[in-house]
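Chemist: One structure follows; several queries about it will come next.
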Amino acid sequence: MEISFRGKRALVTGAGKGIGRATALALARCGSEVTAVTRTKADLDSLVQECPSIKPVCVDLSDWDATKEALNNVGPVDLLVNNAACAKLQPFLDVTPDQFDMSFNINVKAALHVAQIVARGMKARGTGGSIVNVSSQASQCALKDHAVYCATKAALDMLTRVMALELGPHQIRVNSVNPTVVMTEMGKIGWSDPEKARSMTSRIPLGKFAEVEDVVNSILFLLSDKSAMTNGVMLPVDGGFLAC
Ligand code: NDP
């Protein structure tokens, strides 16, 4: 299946590392103009070195005002990937207010804010668009030490549904991908220990974690016209984990 994003303008958050970085590069390869947003400048520098057509924006998305200012001048966006997130793992009884606020600020509030900015432009131009929120299998399945992370991703799933409902009439589709573990920097935080990794892979019918490209391919599908009638879905990229 050939997917082309020629003539489209994409914005990817959390594009410095992992899934976001690979998504930004894949979108550029498919012909899109890409704006990459993240908070570590060195990551943006190396990304632009790798793909000089990518436009870098350096901002901490948990800062509402700074985000508004930084995204003011990026111009029209047709495709948005809300990917930035953090995963601070703690037993439920040890969760602190700071950790709770930081996780919700990045994983939920920033996704809502960036989508508002982008979708307002899409609505005003009347050209429609496609938004993909990067959620997780953790939105639908309890994982030990993941109380706050699971809660942020469950909130993101419901945000995806309401956005699909309200933005659909403007021909703006909103969907999510819900991956299982991917061994990025974030994935390594929770799953580097072989014993722990085995406890997870043994619950995945395909018996393995997802690769970054598995997630990127699903994001590209949901962004593209190949999924033109798909709106408000959570697409598992989990080897069957959530089916069991
Ligand atoms: P990484 O930690 O590898 O990359 C996350 C990126 O987001 C980094 O570039 C990071 O920048 C950026 N980011 C984080 N916080 C902010 C912020 N406040 N402002 C701007 N940028 C920020 O994560 P992954 O690639 O693994 O994860 C990508 C998405 O996939 C996330 O939504 C995650 O929840 C989801 N996911 C990941 C899974 C996994 O096992 N890896 C499984 C299921 C879902 P910096 O490094 O500078 O903080």
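Numbering starts fresh at 1 for the residues of each chain in the structure tokens, the chains themselves are lettered A, B, ... in the order given, and ligands are numbered from 1 as they appear.
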If you count only C-alpha atoms, which residues fall within 10 Å of stretch 15-30 of chain A, apart from same-chain ones fewer than 4 positions away, as a PyMOL selection string?
Modeler: chain A and resi 2-6+8-11+34-48+50-54+56-58+79+81-84+134+182-187+211-217+219-220+223
Chemist: Point out the residue among A:Met1, A:Val174, A:Met200, A:Cys86 with the least atom-to-atom distance to ligand 1, counting only C-alpha atoms and all ligand atoms.
Modeler: A:Cys86
Chemist: For atom CA of A:Ser135 and atom CA of A:Gln49, determine how far apart the two atoms are, in Å to one decimal place.
Modeler: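 Taking atom CA of A:Ser135 as the start and atom CA of A:Gln49 as the end point, the length is 28.6 Å.
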Chemist: Among stretch 19-50 of chain A, which residues does DSSP mark as strand (DSSP E or B) when it is run on the backbone? Keep the chain and numbering as in the structure and answer as a list in words.
Modeler: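 Of stretch 19-50 of chain A, only Glu33, Val34, Thr35, Ala36, Val37 and Thr38 of chain A fall in strand (DSSP E or B).
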Chemist: Contacts of A:Gly190 at 10 Å or less, counting only C-alpha atoms, minus same-chain residues fewer than 5 places along, as an mmCIF file with N, CA, C and O atoms, in the first residue's frame?
Modeler:
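Result file is part-v4.cif:
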data_model
loop_
_atom_site.group_PDB
_atom_site.id
_atom_site.type_symbol
_atom_site.label_atom_id
_atom_site.label_comp_id
_atom_site.auth_asym_id
_atom_site.auth_seq_id
_atom_site.Cartn_x
_atom_site.Cartn_y
_atom_site.Cartn_z
ATOM 1 N N ALA A 87 6.715 8.695 31.317
ATOM 2 C CA ALA A 87 6.264 7.515 32.083
ATOM 3 C C ALA A 87 7.086 7.448 33.358
ATOM 4 O O ALA A 87 8.239 7.037 33.331
ATOM 5 N N LYS A 88 6.512 7.913 34.441
ATOM 6 C CA LYS A 88 7.176 7.819 35.749
ATOM 7 C C LYS A 88 6.494 6.682 36.504
ATOM 8 O O LYS A 88 5.307 6.785 36.832
ATOM 9 N N LEU A 89 7.224 5.628 36.741
ATOM 10 C CA LEU A 89 6.599 4.452 37.350
ATOM 11 C C LEU A 89 6.801 4.451 38.871
ATOM 12 O O LEU A 89 7.908 4.685 39.360
ATOM 13 N N ASP A 145 2.602 -0.659 39.044
ATOM 14 C CA ASP A 145 3.427 0.570 39.128
ATOM 15 C C ASP A 145 3.105 1.601 38.051
ATOM 16 O O ASP A 145 3.832 2.580 37.880
ATOM 17 N N HIS A 146 2.046 1.390 37.297
ATOM 18 C CA HIS A 146 1.688 2.298 36.194
ATOM 19 C C HIS A 146 0.402 3.090 36.496
ATOM 20 O O HIS A 146 -0.288 3.516 35.565
ATOM 21 N N VAL A 181 4.572 -2.689 24.601
ATOM 22 C CA VAL A 181 5.927 -2.192 24.887
ATOM 23 C C VAL A 181 6.737 -2.077 23.593
ATOM 24 O O VAL A 181 6.681 -2.950 22.720
ATOM 25 N N MET A 183 10.851 -0.993 22.735
ATOM 26 C CA MET A 183 12.090 -0.784 23.490
ATOM 27 C C MET A 183 12.805 0.520 23.127
ATOM 28 O O MET A 183 13.969 0.534 22.730
ATOM 29 N N GLU A 185 13.728 4.534 24.728
ATOM 30 C CA GLU A 185 14.199 4.940 26.070
ATOM 31 C C GLU A 185 13.090 4.768 27.096
ATOM 32 O O GLU A 185 13.312 4.319 28.205
ATOM 33 N N LYS A 196 10.930 -9.279 33.965
ATOM 34 C CA LYS A 196 9.739 -8.446 33.755
ATOM 35 C C LYS A 196 9.304 -8.516 32.289
ATOM 36 O O LYS A 196 8.120 -8.618 31.978
ATOM 37 N N ALA A 197 10.293 -8.439 31.400
ATOM 38 C CA ALA A 197 9.988 -8.471 29.966
ATOM 39 C C ALA A 197 9.276 -9.783 29.619
ATOM 40 O O ALA A 197 8.280 -9.786 28.890
#
Chemist: Go through A:Lys144, A:Arg173, A:Arg161, A:Lys109 one by one, measure the shortest atom-to-atom distance of each to A:Lys123 using only C-alpha atoms, and give the residue with the smallest value.
Modeler: A:Arg173
Chemist: So, counting only C-alpha atoms, which residue among A:Asp238, A:Asp98, A:Asp78, A:Asp193 is closest to A:Asp225?
Modeler: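 Of A:Asp238, A:Asp98, A:Asp78, A:Asp193, the one nearest A:Asp225, counting only C-alpha atoms, is A:Asp78.
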Chemist: I'd like the contact shell of A:Gly239 - 9 Å cut-off, only C-alpha atoms, skipping same-chain residues fewer than 3 positions apart - returned as a list in words.
Modeler: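 The neighbour list is Pro179, Thr180, Ile204, Pro205, Leu206, Gly207, Lys208, Phe209, Ala210, Pro236, Leu242 and Ala243 of chain A.
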Chemist: Just to be explicit: take each residue in the selection above, keep C-alpha atoms, and write the result as a CSV table (one decimal), in the first residue's frame.
Modeler:
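Done, and the output landed in out.csv:
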chain,number,residue,atom,x,y,z
A,179,PRO,CA,1.0,0.1,21.3
A,180,THR,CA,2.4,-2.6,23.6
A,204,ILE,CA,1.2,-11.1,24.1
A,205,PRO,CA,-0.2,-13.8,21.7
A,206,LEU,CA,2.6,-12.9,19.1
A,207,GLY,CA,5.1,-13.4,21.9
A,208,LYS,CA,7.2,-10.3,21.3
A,209,PHE,CA,7.2,-6.5,21.9
A,210,ALA,CA,6.4,-4.1,19.1
A,236,PRO,CA,-4.1,-1.6,19.3
A,242,LEU,CA,-5.7,-6.4,24.6
A,243,ALA,CA,-7.7,-9.2,22.9
Chemist: Name the residues of stretch 45-188 of chain A that come out as helix (DSSP H, G or I) in a backbone DSSP run; write them as a PyMOL selection string.
Modeler: chain A and resi 45-50+64-71+92-94+97-125+137-139+147-170+185-188
Chemist: What is the distance between atom CA of A:Leu61 and atom CA of A:Ala110, in Å to one decimal?
Modeler: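 Value for the atom CA of A:Leu61-atom CA of A:Ala110 distance: 5.7 Å.
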Chemist: What is the atom CA of A:Ser218-atom CA of A:Lys68 distance in Å, reported with one decimal?
Modeler: 28.4 Å
Chemist: Choose the residue, out of A:Leu93, A:Met122, A:Ala66, A:Val177, that has the smallest atom-to-atom separation from A:Asp157; count only C-alpha atoms.
Modeler: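 Going through A:Leu93, A:Met122, A:Ala66, A:Val177 one by one, the smallest distance to A:Asp157 is for A:Val177.
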Chemist: If you count only C-alpha atoms, which residues fall within 7 Å of stretch 111-121 of chain A, apart from same-chain ones fewer than 3 positions away, as a ChimeraX atom specification?
Modeler: /A:76-77,82,107-108,124-125
Chemist: I'd like the neighbourhood of A:Val233 as a list of chain:residue names, where a residue qualifies if any of its atoms comes within 12 Å (using only C-alpha atoms), though same-chain residues fewer than 4 positions away should be ignored.
Modeler: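 Within the cut-off, the hits are A:Ile131, A:Val132, A:Asn133, A:Val134, A:Ser135, A:Leu156, A:Asp157, A:Met158, A:Leu159, A:Thr160, A:Arg161, A:Val162, A:Met163, A:Ala164, A:Leu165, A:Arg173, A:Val174, A:Asn175, A:Ser176, A:Val177, A:Asn178, A:Leu222, A:Ser227, A:Met229.
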Chemist: Selected residues, N, CA, C and O atoms, written as a tab-separated table (two decimals), in the first residue's frame, please.
Modeler:
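result_28.tsv, freshly written:
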chain	number	residue	atom	x	y	z
A	131	ILE	N	-5.76	13.66	12.95
A	131	ILE	CA	-4.99	13.75	14.19
A	131	ILE	C	-4.84	12.33	14.76
A	131	ILE	O	-5.82	11.59	14.82
A	132	VAL	N	-3.63	11.98	15.14
A	132	VAL	CA	-3.40	10.70	15.81
A	132	VAL	C	-2.78	10.97	17.18
A	132	VAL	O	-1.74	11.62	17.29
A	133	ASN	N	-3.46	10.49	18.21
A	133	ASN	CA	-2.92	10.55	19.58
A	133	ASN	C	-2.21	9.23	19.87
A	133	ASN	O	-2.78	8.16	19.63
A	134	VAL	N	-1.00	9.32	20.39
A	134	VAL	CA	-0.27	8.09	20.71
A	134	VAL	C	-0.61	7.70	22.15
A	134	VAL	O	-0.16	8.32	23.11
A	135	SER	N	-1.45	6.69	22.27
A	135	SER	CA	-1.90	6.20	23.58
A	135	SER	C	-1.08	4.95	23.92
A	135	SER	O	0.13	4.90	23.62
A	156	LEU	N	-6.57	10.01	27.72
A	156	LEU	CA	-6.28	10.36	26.31
A	156	LEU	C	-7.23	9.64	25.36
A	156	LEU	O	-7.69	10.20	24.36
A	157	ASP	N	-7.54	8.38	25.65
A	157	ASP	CA	-8.48	7.63	24.80
A	157	ASP	C	-9.84	8.32	24.76
A	157	ASP	O	-10.47	8.44	23.70
A	158	MET	N	-10.31	8.76	25.93
A	158	MET	CA	-11.62	9.41	25.94
A	158	MET	C	-11.57	10.78	25.26
A	158	MET	O	-12.52	11.18	24.58
A	159	LEU	N	-10.43	11.45	25.40
A	159	LEU	CA	-10.24	12.71	24.68
A	159	LEU	C	-10.32	12.46	23.17
A	159	LEU	O	-10.96	13.22	22.43
A	160	THR	N	-9.70	11.39	22.73
A	160	THR	CA	-9.72	11.04	21.30
A	160	THR	C	-11.17	10.88	20.82
A	160	THR	O	-11.55	11.39	19.76
A	161	ARG	N	-11.98	10.20	21.63
A	161	ARG	CA	-13.37	9.95	21.23
A	161	ARG	C	-14.16	11.26	21.13
A	161	ARG	O	-14.92	11.46	20.18
A	162	VAL	N	-14.01	12.11	22.15
A	162	VAL	CA	-14.78	13.36	22.14
A	162	VAL	C	-14.30	14.28	21.03
A	162	VAL	O	-15.11	14.94	20.35
A	163	MET	N	-12.99	14.30	20.81
A	163	MET	CA	-12.47	15.10	19.69
A	163	MET	C	-13.04	14.58	18.37
A	163	MET	O	-13.43	15.37	17.49
A	164	ALA	N	-13.10	13.26	18.22
A	164	ALA	CA	-13.66	12.68	16.98
A	164	ALA	C	-15.11	13.13	16.80
A	164	ALA	O	-15.54	13.45	15.68
A	165	LEU	N	-15.84	13.14	17.90
A	165	LEU	CA	-17.26	13.54	17.86
A	165	LEU	C	-17.41	15.01	17.46
A	165	LEU	O	-18.21	15.35	16.59
A	173	ARG	N	-10.50	14.03	11.31
A	173	ARG	CA	-10.59	12.71	11.95
A	173	ARG	C	-9.60	12.64	13.12
A	173	ARG	O	-8.51	13.20	13.04
A	174	VAL	N	-10.02	11.95	14.19
A	174	VAL	CA	-9.14	11.82	15.36
A	174	VAL	C	-9.16	10.37	15.81
A	174	VAL	O	-10.23	9.80	16.10
A	175	ASN	N	-7.99	9.76	15.84
A	175	ASN	CA	-7.85	8.35	16.25
A	175	ASN	C	-6.62	8.20	17.14
A	175	ASN	O	-5.81	9.12	17.24
A	176	SER	N	-6.51	7.03	17.76
A	176	SER	CA	-5.27	6.78	18.52
A	176	SER	C	-4.66	5.45	18.11
A	176	SER	O	-5.35	4.56	17.61
A	177	VAL	N	-3.34	5.35	18.35
A	177	VAL	CA	-2.68	4.04	18.32
A	177	VAL	C	-2.37	3.67	19.76
A	177	VAL	O	-2.03	4.53	20.57
A	178	ASN	N	-2.51	2.38	20.08
A	178	ASN	CA	-2.31	1.91	21.45
A	178	ASN	C	-1.31	0.76	21.44
A	178	ASN	O	-1.69	-0.42	21.43
A	222	LEU	N	-3.36	5.79	9.84
A	222	LEU	CA	-4.46	6.60	10.40
A	222	LEU	C	-4.39	8.05	9.94
A	222	LEU	O	-5.42	8.73	9.85
A	227	SER	N	-7.43	5.58	5.51
A	227	SER	CA	-8.34	5.34	6.64
A	227	SER	C	-9.42	6.43	6.67
A	227	SER	O	-9.88	6.82	7.75
A	229	MET	N	-12.49	6.76	6.40
A	229	MET	CA	-13.78	6.62	7.10
A	229	MET	C	-13.58	6.14	8.55
A	229	MET	O	-14.55	5.79	9.23
